[in-house]
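Student: You'll find coords.csv just under this line, and it carries CSV, C-alpha atoms and all ligand atoms.
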chain,number,residue,atom,x,y,z
A,220,MET,CA,0.0,0.0,0.0
A,221,LEU,CA,1.4,3.4,-1.0
A,222,LEU,CA,0.9,5.3,2.2
A,223,ASP,CA,2.9,8.3,1.4
A,224,TYR,CA,0.5,9.1,-1.4
A,225,PRO,CA,1.0,12.8,-2.2
A,226,VAL,CA,-1.4,15.2,-0.7
A,227,ASP,CA,-3.5,16.8,-3.3
A,228,SER,CA,-6.0,19.5,-2.3
A,229,MET,CA,-8.2,18.8,-5.3
A,230,SER,CA,-8.5,15.0,-5.4
A,231,MET,CA,-8.3,11.9,-3.3
A,232,PRO,CA,-7.7,8.3,-4.4
A,233,ARG,CA,-11.0,6.5,-4.3
A,234,SER,CA,-10.6,3.3,-6.3
A,235,MET,CA,-8.6,1.6,-9.0
A,236,ASN,CA,-9.0,-0.2,-12.3
A,237,THR,CA,-6.5,-3.1,-11.8
A,238,LYS,CA,-6.4,-3.8,-15.5
A,239,THR,CA,-5.4,-0.3,-16.6
A,240,LEU,CA,-3.8,0.6,-13.2
A,241,GLU,CA,-5.7,3.9,-13.4
A,242,ILE,CA,-6.5,5.4,-10.0
A,243,ARG,CA,-9.9,7.1,-9.8
A,244,LYS,CA,-9.5,10.4,-7.9
A,245,VAL,CA,-12.3,12.4,-6.5
A,246,PRO,CA,-12.9,15.9,-5.2
A,247,SER,CA,-14.1,16.7,-1.6
A,248,ARG,CA,-17.7,16.7,-2.7
A,249,ASP,CA,-17.6,12.9,-3.4
A,250,TRP,CA,-19.1,10.8,-0.6
A,251,THR,CA,-15.8,9.0,-0.1
A,252,SER,CA,-13.7,12.0,0.5
A,253,GLY,CA,-13.1,11.5,4.3
A,254,PHE,CA,-11.8,7.9,4.0
A,255,PHE,CA,-8.2,8.4,3.1
A,256,ALA,CA,-7.5,10.6,6.1
A,257,GLY,CA,-9.5,8.2,8.2
A,258,ASN,CA,-7.3,5.3,7.0
A,259,LEU,CA,-4.1,7.2,7.9
A,260,TRP,CA,-5.4,8.0,11.4
A,261,GLN,CA,-6.4,4.4,11.9
A,262,LEU,CA,-3.0,3.2,10.7
A,263,TYR,CA,-1.4,5.5,13.2
A,264,ARG,CA,-3.5,4.1,16.0
A,265,LEU,CA,-2.6,0.6,15.0
A,266,THR,CA,1.1,1.1,14.5
A,267,GLY,CA,2.1,4.2,16.5
A,268,ASP,CA,4.2,5.2,13.5
A,269,SER,CA,4.3,9.0,13.4
A,270,LYS,CA,4.6,9.1,9.6
A,271,TYR,CA,1.0,8.0,9.4
A,272,LYS,CA,0.0,10.8,11.8
A,273,GLU,CA,1.8,13.4,9.8
A,274,GLN,CA,0.1,12.2,6.6
A,275,ALA,CA,-3.2,12.1,8.3
A,276,GLN,CA,-2.8,15.7,9.5
A,277,LYS,CA,-2.1,16.8,6.0
A,278,TRP,CA,-5.1,14.9,4.4
A,279,THR,CA,-7.7,15.7,7.1
A,280,PRO,CA,-8.5,19.3,5.9
A,281,PHE,CA,-9.3,17.8,2.4
A,282,SER,CA,-13.0,17.3,3.4
A,283,LYS,CA,-13.4,20.3,5.7
A,284,LYS,CA,-15.4,22.4,3.3
A,285,GLU,CA,-18.0,19.6,3.1
A,286,SER,CA,-19.1,20.5,6.6
A,287,VAL,CA,-21.1,23.3,5.0
A,288,ASN,CA,-22.2,21.5,1.9
A,289,SER,CA,-25.9,20.6,2.2
A,290,ASN,CA,-26.2,19.0,-1.2
A,291,SER,CA,-26.6,15.4,0.1
A,292,HIS,CA,-26.8,13.4,3.3
A,293,ASP,CA,-23.2,12.3,2.8
A,294,VAL,CA,-21.8,15.1,5.0
A,295,GLY,CA,-21.7,12.4,7.7
A,296,PHE,CA,-19.3,10.1,5.7
A,297,LYS,CA,-17.2,13.0,4.5
A,298,VAL,CA,-16.8,14.8,7.8
A,299,PHE,CA,-16.9,12.1,10.4
A,300,CYS,CA,-14.6,9.5,8.8
A,301,SER,CA,-11.9,12.2,8.6
A,302,PHE,CA,-12.4,14.6,11.5
A,303,GLY,CA,-14.1,12.0,13.7
A,304,GLU,CA,-11.0,9.8,13.4
A,305,ALA,CA,-8.7,12.8,13.9
A,306,LEU,CA,-10.5,13.6,17.1
A,307,LYS,CA,-9.8,10.1,18.5
A,308,VAL,CA,-6.1,10.9,18.3
A,309,GLU,CA,-5.9,14.6,18.9
A,310,ASN,CA,-8.3,16.4,21.2
A,311,LYS,CA,-8.5,19.6,19.1
A,312,LYS,CA,-11.3,22.2,19.3
A,313,GLU,CA,-11.0,22.8,15.6
A,314,TYR,CA,-11.9,19.2,14.8
A,315,GLU,CA,-14.9,19.5,17.1
A,316,ALA,CA,-16.0,22.7,15.4
A,317,VAL,CA,-16.0,21.0,12.0
A,318,ILE,CA,-18.0,18.0,13.4
A,319,VAL,CA,-20.7,20.3,14.9
A,320,LYS,CA,-20.8,22.4,11.8
A,321,GLY,CA,-21.3,19.3,9.7
A,322,ALA,CA,-24.2,18.1,12.0
A,323,GLU,CA,-25.8,21.5,11.7
A,324,THR,CA,-25.6,21.2,7.9
A,325,LEU,CA,-27.0,17.6,7.9
A,326,CYS,CA,-30.0,18.7,10.0
A,327,THR,CA,-31.0,21.2,7.3
A,328,ARG,CA,-32.0,18.1,5.3
A,329,PHE,CA,-34.4,16.8,8.0
A,330,ASN,CA,-38.1,17.0,7.3
A,331,PRO,CA,-40.2,16.5,10.6
A,332,LYS,CA,-43.3,15.4,8.6
A,333,VAL,CA,-41.3,12.5,7.2
A,334,GLY,CA,-39.2,12.0,10.3
A,335,SER,CA,-36.1,11.5,8.1
A,336,ILE,CA,-33.1,13.2,6.6
A,337,ARG,CA,-33.4,13.4,2.8
A,338,SER,CA,-30.6,11.5,1.2
A,339,TRP,CA,-30.3,12.7,-2.3
A,340,ASP,CA,-31.5,15.6,-4.5
A,341,PHE,CA,-31.1,13.9,-7.9
A,342,ASN,CA,-33.7,11.8,-9.9
A,343,LYS,CA,-36.4,14.4,-9.0
A,344,GLU,CA,-38.6,13.1,-11.8
A,345,ILE,CA,-38.7,9.7,-10.1
A,346,TRP,CA,-38.4,10.4,-6.4
A,347,ASP,CA,-40.0,13.0,-4.2
A,348,TYR,CA,-38.0,12.4,-1.0
A,349,PRO,CA,-35.5,9.5,-1.2
A,350,VAL,CA,-34.1,8.1,2.0
A,351,ILE,CA,-31.4,5.3,1.6
A,352,ILE,CA,-30.3,2.8,4.2
A,353,ASP,CA,-26.7,4.1,3.9
A,354,ASN,CA,-28.1,7.2,5.7
A,355,MET,CA,-28.0,5.4,9.0
A,356,MET,CA,-24.2,5.7,8.9
A,357,ASN,CA,-24.5,9.5,9.0
A,358,LEU,CA,-26.2,9.5,12.3
A,359,GLU,CA,-22.9,9.0,14.2
A,360,LEU,CA,-21.9,12.5,13.2
A,361,LEU,CA,-25.2,13.8,14.8
A,362,PHE,CA,-24.9,11.7,18.0
A,363,GLU,CA,-21.3,12.9,18.5
A,364,ALA,CA,-22.1,16.5,17.7
A,365,SER,CA,-24.7,16.5,20.5
A,366,LYS,CA,-22.1,15.1,22.9
A,367,ILE,CA,-19.5,17.7,21.9
A,368,SER,CA,-21.8,20.7,21.9
A,369,GLY,CA,-24.4,19.8,24.5
A,370,ASN,CA,-27.1,20.7,22.0
A,371,PRO,CA,-29.7,17.8,22.0
A,372,LYS,CA,-31.1,18.8,18.5
A,373,TYR,CA,-28.7,16.6,16.5
A,374,ARG,CA,-29.3,13.6,18.6
A,375,ASP,CA,-33.1,14.1,18.4
A,376,VAL,CA,-32.9,14.3,14.6
A,377,ALA,CA,-30.8,11.1,14.6
A,378,ILE,CA,-33.3,9.2,16.7
A,379,GLN,CA,-36.3,10.3,14.6
A,380,HIS,CA,-34.4,9.2,11.5
A,381,ALA,CA,-33.5,5.8,13.0
A,382,ASN,CA,-37.1,5.3,14.1
A,383,THR,CA,-38.5,6.1,10.7
A,384,THR,CA,-36.0,3.8,9.0
A,385,LEU,CA,-36.9,1.0,11.5
A,386,LYS,CA,-40.6,1.4,10.6
A,387,ASN,CA,-40.3,1.5,6.8
A,388,GLN,CA,-37.0,0.2,5.5
A,389,PHE,CA,-37.1,-3.5,6.4
A,390,ARG,CA,-38.9,-6.5,4.9
A,391,GLU,CA,-40.5,-9.4,6.8
A,392,ASP,CA,-37.3,-11.4,6.5
A,393,ASN,CA,-35.3,-8.5,8.0
A,394,SER,CA,-33.4,-7.7,4.9
A,395,CYS,CA,-33.7,-4.0,3.9
A,396,TYR,CA,-34.7,-2.0,0.9
A,397,HIS,CA,-32.1,0.4,-0.5
A,398,VAL,CA,-34.3,3.4,-1.1
A,399,ILE,CA,-37.6,4.5,0.5
A,400,ASP,CA,-39.3,7.4,-1.3
A,401,TYR,CA,-41.6,9.5,0.9
A,402,ASN,CA,-44.2,12.1,0.2
A,403,PRO,CA,-42.6,15.1,1.9
A,404,THR,CA,-46.0,16.8,2.6
A,405,THR,CA,-47.8,13.8,4.2
A,406,GLY,CA,-44.8,11.7,5.3
A,407,GLU,CA,-46.3,8.6,3.6
A,408,VAL,CA,-44.2,6.0,1.8
A,409,ARG,CA,-44.5,6.4,-2.0
A,410,LYS,CA,-42.2,3.6,-3.1
A,411,LYS,CA,-39.8,1.0,-1.8
A,412,THR,CA,-37.1,0.7,-4.4
A,413,THR,CA,-33.4,0.6,-5.2
A,414,LEU,CA,-30.6,2.4,-7.0
A,415,GLN,CA,-27.6,0.2,-6.3
A,416,GLY,CA,-29.2,-3.2,-5.9
A,417,TYR,CA,-30.0,-5.8,-8.6
A,418,ASN,CA,-33.7,-4.8,-8.5
A,419,ASP,CA,-36.3,-3.3,-6.0
A,420,ASP,CA,-36.8,-6.7,-4.3
A,421,SER,CA,-33.2,-7.8,-4.3
A,422,VAL,CA,-30.9,-7.6,-1.3
A,423,TRP,CA,-27.9,-5.3,-1.9
A,424,ALA,CA,-25.1,-6.7,0.3
A,425,ARG,CA,-23.5,-3.4,1.4
A,426,GLY,CA,-27.0,-2.0,2.2
A,427,GLN,CA,-27.5,-4.9,4.7
A,428,ALA,CA,-24.1,-4.1,6.2
A,429,TRP,CA,-25.0,-0.4,6.6
A,430,ALA,CA,-28.1,-1.5,8.4
A,431,VAL,CA,-26.4,-3.8,10.8
A,432,TYR,CA,-23.6,-1.3,11.6
A,433,GLY,CA,-26.0,1.7,11.7
A,434,PHE,CA,-28.5,0.2,14.2
A,435,THR,CA,-25.7,-1.2,16.3
A,436,MET,CA,-24.0,2.3,16.4
A,437,SER,CA,-27.4,3.9,17.2
A,438,TYR,CA,-27.8,1.5,20.1
A,439,ARG,CA,-24.4,2.6,21.4
A,440,TYR,CA,-25.8,6.1,21.9
A,441,THR,CA,-29.4,5.4,22.9
A,442,LYS,CA,-29.6,1.9,24.4
A,443,ASP,CA,-32.9,1.5,22.6
A,444,PRO,CA,-33.5,-2.3,22.5
A,445,ALA,CA,-35.4,-2.0,19.2
A,446,TYR,CA,-32.2,-0.9,17.5
A,447,LEU,CA,-30.3,-3.9,18.9
A,448,LYS,CA,-33.1,-6.2,17.8
A,449,GLN,CA,-33.0,-5.0,14.2
A,450,ALA,CA,-29.2,-5.1,14.0
A,451,GLU,CA,-29.3,-8.7,15.2
A,452,ALA,CA,-32.2,-9.7,12.9
A,453,THR,CA,-30.4,-8.3,9.8
A,454,ALA,CA,-27.1,-9.8,10.9
A,455,LYS,CA,-28.8,-13.2,11.1
A,456,PHE,CA,-30.3,-12.7,7.6
A,457,PHE,CA,-26.8,-11.9,6.2
A,458,MET,CA,-24.8,-14.6,8.1
A,459,THR,CA,-27.1,-17.4,7.4
A,460,ASN,CA,-28.0,-16.6,3.9
A,461,LYS,CA,-27.8,-19.6,1.5
A,462,ASN,CA,-26.1,-17.4,-1.1
A,463,LEU,CA,-23.3,-16.3,1.2
A,464,PRO,CA,-20.0,-18.0,0.2
A,465,GLU,CA,-18.2,-20.1,2.7
A,466,ASP,CA,-15.5,-17.5,3.3
A,467,GLY,CA,-18.1,-14.9,4.4
A,468,ILE,CA,-17.3,-12.4,1.6
A,469,PRO,CA,-20.8,-11.8,0.0
A,470,TYR,CA,-21.7,-11.4,-3.6
A,471,TRP,CA,-22.5,-7.8,-4.3
A,472,ASP,CA,-26.2,-8.6,-4.1
A,473,PHE,CA,-27.7,-11.7,-2.4
A,474,LYS,CA,-30.2,-12.1,-5.3
A,475,ASP,CA,-28.1,-11.6,-8.3
A,476,PRO,CA,-29.2,-14.5,-10.6
A,477,SER,CA,-25.7,-15.0,-11.9
A,478,ILE,CA,-24.5,-16.2,-8.5
A,479,PRO,CA,-22.0,-18.0,-8.2
A,480,ASN,CA,-20.5,-16.0,-11.0
A,481,ALA,CA,-21.4,-12.6,-9.6
A,482,PRO,CA,-18.7,-10.2,-8.3
A,483,ARG,CA,-18.0,-10.2,-4.6
A,484,ASP,CA,-18.0,-7.1,-2.4
A,485,VAL,CA,-15.2,-7.0,0.1
A,486,SER,CA,-16.4,-3.6,1.3
A,487,ALA,CA,-19.8,-5.1,2.5
A,488,ALA,CA,-17.9,-7.8,4.4
A,489,MET,CA,-15.7,-5.2,6.1
A,490,VAL,CA,-18.6,-3.0,7.2
A,491,MET,CA,-20.2,-6.1,8.6
A,492,ALA,CA,-17.1,-7.2,10.4
A,493,SER,CA,-16.7,-3.8,12.1
A,494,GLY,CA,-20.4,-3.7,13.0
A,495,LEU,CA,-20.4,-7.3,14.3
A,496,TYR,CA,-17.5,-6.7,16.6
A,497,GLU,CA,-19.5,-3.9,18.2
A,498,LEU,CA,-22.7,-5.9,18.2
A,499,TYR,CA,-20.8,-8.7,20.1
A,500,THR,CA,-19.9,-6.2,22.9
A,501,TYR,CA,-23.6,-5.5,23.6
A,502,THR,CA,-24.9,-9.1,23.2
A,503,LYS,CA,-22.0,-11.4,24.0
A,504,ASN,CA,-23.3,-13.6,21.2
A,505,LYS,CA,-20.1,-15.4,20.1
A,506,SER,CA,-21.4,-16.1,16.6
A,507,TYR,CA,-20.9,-12.4,15.8
A,508,LEU,CA,-17.3,-12.6,16.9
A,509,ALA,CA,-16.7,-15.9,15.1
A,510,PHE,CA,-18.2,-14.6,11.9
A,511,ALA,CA,-16.3,-11.3,12.0
A,512,ASP,CA,-13.0,-13.2,12.7
A,513,LYS,CA,-13.7,-15.5,9.8
A,514,VAL,CA,-14.2,-12.7,7.2
A,515,MET,CA,-11.2,-10.8,8.6
A,516,ALA,CA,-9.1,-14.0,8.1
A,517,SER,CA,-10.6,-14.5,4.6
A,518,VAL,CA,-9.6,-11.1,3.4
A,519,GLN,CA,-6.1,-11.3,4.7
A,520,THR,CA,-5.2,-13.9,2.0
A,521,ASP,CA,-3.7,-13.6,-1.5
A,522,LYS,CA,-7.2,-14.0,-2.9
A,523,TYR,CA,-8.3,-10.6,-1.6
A,524,ILE,CA,-5.1,-8.6,-0.8
A,525,LEU,CA,-4.3,-6.2,-3.7
A,526,ASP,CA,-1.4,-7.7,-5.7
A,527,THR,CA,1.7,-6.4,-3.9
A,528,GLN,CA,3.3,-5.6,-7.3
A,529,ILE,CA,0.7,-2.8,-7.8
A,530,LYS,CA,1.7,0.4,-6.2
A,531,ALA,CA,-1.5,2.0,-5.1
A,532,PRO,CA,-2.9,3.4,-1.8
A,533,PHE,CA,-5.3,0.4,-1.3
A,534,LEU,CA,-5.1,-2.7,0.8
A,535,PHE,CA,-7.8,-5.0,-0.8
A,536,ASP,CA,-9.1,-5.9,-4.2
A,537,HIS,CA,-12.6,-7.2,-5.1
A,538,SER,CA,-15.1,-4.6,-3.9
A,539,THR,CA,-18.1,-3.6,-6.0
A,540,GLY,CA,-19.2,0.0,-5.9
A,541,ASN,CA,-22.2,0.4,-8.2
A,542,TRP,CA,-23.1,-2.7,-10.2
A,543,PRO,CA,-26.2,-1.3,-12.0
A,544,LYS,CA,-24.1,1.6,-13.3
A,545,HIS,CA,-21.2,-0.7,-14.3
A,546,ASP,CA,-19.1,1.4,-12.0
A,547,GLU,CA,-16.2,0.0,-9.8
A,548,ILE,CA,-16.9,-3.7,-10.3
A,549,ASP,CA,-14.5,-6.1,-8.5
A,550,GLU,CA,-12.0,-3.4,-7.7
A,551,PRO,CA,-10.0,-1.9,-4.8
A,552,ILE,CA,-12.2,0.7,-3.2
A,553,ILE,CA,-11.1,2.9,-0.4
A,554,TYR,CA,-13.9,2.3,2.1
A,555,ALA,CA,-13.2,-1.4,2.2
A,556,ASP,CA,-9.8,-0.6,3.7
A,557,TYR,CA,-11.3,2.0,6.1
A,558,TYR,CA,-13.8,-0.5,7.6
A,559,PHE,CA,-11.1,-3.2,7.7
A,560,LEU,CA,-8.8,-1.0,9.7
A,561,GLU,CA,-11.7,0.0,12.0
A,562,ALA,CA,-12.5,-3.6,12.5
A,563,LEU,CA,-8.9,-4.4,13.4
A,564,ILE,CA,-8.9,-1.7,16.0
A,565,LYS,CA,-12.2,-3.0,17.5
A,566,ARG,CA,-10.8,-6.6,17.5
A,567,GLN,CA,-7.7,-5.5,19.4
A,568,SER,CA,-9.9,-3.9,22.1
A,569,LEU,CA,-11.6,-7.3,22.5
A,570,LYS,CA,-8.3,-9.1,23.1
A,571,GLY,CA,-8.8,-12.4,24.8
A,572,SER,CA,-12.3,-12.9,23.5
A,573,LYS,CA,-12.8,-16.0,21.5
A,601,LIG,N1,-23.6,5.4,-0.9
A,601,LIG,C1,-22.7,4.6,-0.3
A,601,LIG,C2,-22.5,3.3,-0.9
A,601,LIG,O1,-22.3,3.2,-2.1
A,601,LIG,O2,-22.5,2.3,-0.2
Give the structure from this file in structure tokens form.
Ligand code: GLY
Tutor:
Amino acid sequence: MLLDYPVDSMSMPRSMNTKTLEIRKVPSRDWTSGFFAGNLWQLYRLTGDSKYKEQAQKWTPFSKKESVNSNSHDVGFKVFCSFGEALKVENKKEYEAVIVKGAETLCTRFNPKVGSIRSWDFNKEIWDYPVIIDNMMNLELLFEASKISGNPKYRDVAIQHANTTLKNQFREDNSCYHVIDYNPTTGEVRKKTTLQGYNDDSVWARGQAWAVYGFTMSYRYTKDPAYLKQAEATAKFFMTNKNLPEDGIPYWDFKDPSIPNAPRDVSAAMVMASGLYELYTYTKNKSYLAFADKVMASVQTDKYILDTQIKAPFLFDHSTGNWPKHDEIDEPIIYADYYFLEALIKRQSLKGSK
């Protein structure tokens, strides 16, 4: 992994085409813009090597201006995966200020009639008020901002969003839809649909992982047993699914008819591993620990580690970004590395657990 990747104030490495060796670089407005700084902070925490910290300090400001960008719900990913990680290492008021500013911005997208934060503004001819399961991940920014500032508003918005998601986003079998479209005037559900899954009724793997992680994290801040129950039910759906390969790395969608020839998604497995280590701490259910350990062992093999001959700022190959758009299929993607490193840190804190 090329860790001394040069700081560029205009673009961050997001993914890579392993055939052409071209690295896809994105500006700060991209939803992934906080992950590279986050990776460097986490590498510093894992190794204590100051060169990671120096690089992390240089990369962190990259996503700062996104704390006032209200164009999508992704302000949580962009701001919290960089500044939130920075704050775990350096207790700086300036980091706290960016997090609170980001939370303020995210709350401008909240509609009390719907009880949710609006995810996206595009596809207006199709959707009136789309809310995606990924949005659960942005609630961590809100919960932390209330802790930092003492202002309960951000936490209240997070709780209302989680409750609305709990009510509308899950199926009977505890898998979740990707997108719920609401009527912003009445708050009623208009459509249960998808953008990144195989079809509306399919089960997009990373979406299930966002749900497990998102409700486990929301339980951390609220101790609401309904959140824990949902996280466990969706984890069970994922872990026991007949279409999950033996090594625990899912196909990108559990219902892609081309399984077993469908691409895998390492990123979904890493989000699950990180979520399950935390879920284990609240439930002491050893199957979560065993499953997360299994997928962590699976990815740390030649099958998934990015070919060491390739000089690139990525650890793992074989993630799938957006299959319906034919975008980032079976490639190294930065957020797989982020959640792997986070899972490693969480596993270390569980030392001695088997
Ligand atoms: N929108 C985040 C994702 O692709 O999972």
Student: May I ask you to write as a PDB file with C-alpha atoms, in the frame of the given file all residues lying at most 9 Å from ligand LIG 601 (chain A), with all atoms listed in the file counted?
Tutor:
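Writing done, so here's pocket_20.pdb:
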ATOM      1  CA  TRP A 250     -19.100  10.800  -0.600  1.00  0.00           C
ATOM      2  CA  THR A 251     -15.800   9.000  -0.100  1.00  0.00           C
ATOM      3  CA  ASP A 293     -23.200  12.300   2.800  1.00  0.00           C
ATOM      4  CA  PHE A 296     -19.300  10.100   5.700  1.00  0.00           C
ATOM      5  CA  ILE A 351     -31.400   5.300   1.600  1.00  0.00           C
ATOM      6  CA  ILE A 352     -30.300   2.800   4.200  1.00  0.00           C
ATOM      7  CA  ASP A 353     -26.700   4.100   3.900  1.00  0.00           C
ATOM      8  CA  ASN A 354     -28.100   7.200   5.700  1.00  0.00           C
ATOM      9  CA  GLN A 415     -27.600   0.200  -6.300  1.00  0.00           C
ATOM     10  CA  ARG A 425     -23.500  -3.400   1.400  1.00  0.00           C
ATOM     11  CA  GLY A 426     -27.000  -2.000   2.200  1.00  0.00           C
ATOM     12  CA  TRP A 429     -25.000  -0.400   6.600  1.00  0.00           C
ATOM     13  CA  SER A 486     -16.400  -3.600   1.300  1.00  0.00           C
ATOM     14  CA  ALA A 487     -19.800  -5.100   2.500  1.00  0.00           C
ATOM     15  CA  THR A 539     -18.100  -3.600  -6.000  1.00  0.00           C
ATOM     16  CA  GLY A 540     -19.200   0.000  -5.900  1.00  0.00           C
ATOM     17  CA  ASN A 541     -22.200   0.400  -8.200  1.00  0.00           C
ATOM     18  CA  TYR A 554     -13.900   2.300   2.100  1.00  0.00           C
TER      19      TYR A 554
END
Student: Of the candidates A:Val514, A:Ala555, A:Ala322, A:Ala275, which shows the shortest atom-to-atom distance to Leu262 of chain A, using all atoms listed in the file?
Tutor: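 When distances to Leu262 of chain A are compared using all atoms listed in the file, the smallest one comes from A:Ala275.
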Student: With a distance cut-off of 12 Å and all atoms listed in the file, select the neighbouring residues of Gly303 of chain A, excluding the residue or stretch itself and same-chain residues fewer than 5 positions from it, and output the selection as a PyMOL selection string.
Tutor: chain A and resi 253-254+256-258+260-261+279+282-283+295-298+308-319+321-322+357+359-364+367
Student: Those same residues - C-alpha atoms - I'd like them written as a PDB file, in the frame of the given file.
Tutor:
ATOM      1  CA  GLY A 253     -13.100  11.500   4.300  1.00  0.00           C
ATOM      2  CA  PHE A 254     -11.800   7.900   4.000  1.00  0.00           C
ATOM      3  CA  ALA A 256      -7.500  10.600   6.100  1.00  0.00           C
ATOM      4  CA  GLY A 257      -9.500   8.200   8.200  1.00  0.00           C
ATOM      5  CA  ASN A 258      -7.300   5.300   7.000  1.00  0.00           C
ATOM      6  CA  TRP A 260      -5.400   8.000  11.400  1.00  0.00           C
ATOM      7  CA  GLN A 261      -6.400   4.400  11.900  1.00  0.00           C
ATOM      8  CA  THR A 279      -7.700  15.700   7.100  1.00  0.00           C
ATOM      9  CA  SER A 282     -13.000  17.300   3.400  1.00  0.00           C
ATOM     10  CA  LYS A 283     -13.400  20.300   5.700  1.00  0.00           C
ATOM     11  CA  GLY A 295     -21.700  12.400   7.700  1.00  0.00           C
ATOM     12  CA  PHE A 296     -19.300  10.100   5.700  1.00  0.00           C
ATOM     13  CA  LYS A 297     -17.200  13.000   4.500  1.00  0.00           C
ATOM     14  CA  VAL A 298     -16.800  14.800   7.800  1.00  0.00           C
ATOM     15  CA  VAL A 308      -6.100  10.900  18.300  1.00  0.00           C
ATOM     16  CA  GLU A 309      -5.900  14.600  18.900  1.00  0.00           C
ATOM     17  CA  ASN A 310      -8.300  16.400  21.200  1.00  0.00           C
ATOM     18  CA  LYS A 311      -8.500  19.600  19.100  1.00  0.00           C
ATOM     19  CA  LYS A 312     -11.300  22.200  19.300  1.00  0.00           C
ATOM     20  CA  GLU A 313     -11.000  22.800  15.600  1.00  0.00           C
ATOM     21  CA  TYR A 314     -11.900  19.200  14.800  1.00  0.00           C
ATOM     22  CA  GLU A 315     -14.900  19.500  17.100  1.00  0.00           C
ATOM     23  CA  ALA A 316     -16.000  22.700  15.400  1.00  0.00           C
ATOM     24  CA  VAL A 317     -16.000  21.000  12.000  1.00  0.00           C
ATOM     25  CA  ILE A 318     -18.000  18.000  13.400  1.00  0.00           C
ATOM     26  CA  VAL A 319     -20.700  20.300  14.900  1.00  0.00           C
ATOM     27  CA  GLY A 321     -21.300  19.300   9.700  1.00  0.00           C
ATOM     28  CA  ALA A 322     -24.200  18.100  12.000  1.00  0.00           C
ATOM     29  CA  ASN A 357     -24.500   9.500   9.000  1.00  0.00           C
ATOM     30  CA  GLU A 359     -22.900   9.000  14.200  1.00  0.00           C
ATOM     31  CA  LEU A 360     -21.900  12.500  13.200  1.00  0.00           C
ATOM     32  CA  LEU A 361     -25.200  13.800  14.800  1.00  0.00           C
ATOM     33  CA  PHE A 362     -24.900  11.700  18.000  1.00  0.00           C
ATOM     34  CA  GLU A 363     -21.300  12.900  18.500  1.00  0.00           C
ATOM     35  CA  ALA A 364     -22.100  16.500  17.700  1.00  0.00           C
ATOM     36  CA  ILE A 367     -19.500  17.700  21.900  1.00  0.00           C
TER      37      ILE A 367
END
Student: Under the rule that only C-alpha atoms are counted, which of A:Ile336, A:Ala377, A:Ala428, A:Met458 is the nearest residue to Ile399 of chain A?
Tutor: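 Comparing A:Ile336, A:Ala377, A:Ala428, A:Met458 against Ile399 of chain A, the winner is A:Ile336.
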Student: Can you tell me which residues surround Asn402 of chain A at a distance of at most 7 Å, considering all atoms listed in the file, apart from same-chain residues fewer than 5 positions away, and format the answer as JSON, numbers by chain?
Tutor: {"A": [347, 348, 407, 408, 409]}
Student: Report, in Å with one decimal, the straight-line distance from atom CA of Ser286 of chain A to atom CA of Tyr263 of chain A.
Tutor: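 Distance between the two atoms: 24.1 Å.
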Student: Pick out the residues sitting within 12 Å of Asp466 of chain A, and hand them over as an MDAnalysis selection string; count all atoms listed in the file, and ignore anything fewer than 6 positions along from it in its own chain.
Tutor: chainID A and resid 458 483 485 488 509:520 522:523
Student: Using all atoms listed in the file, can you tell me which of A:Gly406, A:Glu304, A:Met355, A:Lys277 comes closest to Gly334 of chain A?
Tutor: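 Closest residue, counting all atoms listed in the file: A:Gly406.
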Student: In terms of the shortest atom-to-atom distance over all atoms listed in the file, which of A:Ile524, A:Lys573, A:Pro331, A:Met356 is closest to Ile552 of chain A?
Tutor: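 Of A:Ile524, A:Lys573, A:Pro331, A:Met356, the one nearest Ile552 of chain A, counting all atoms listed in the file, is A:Ile524.
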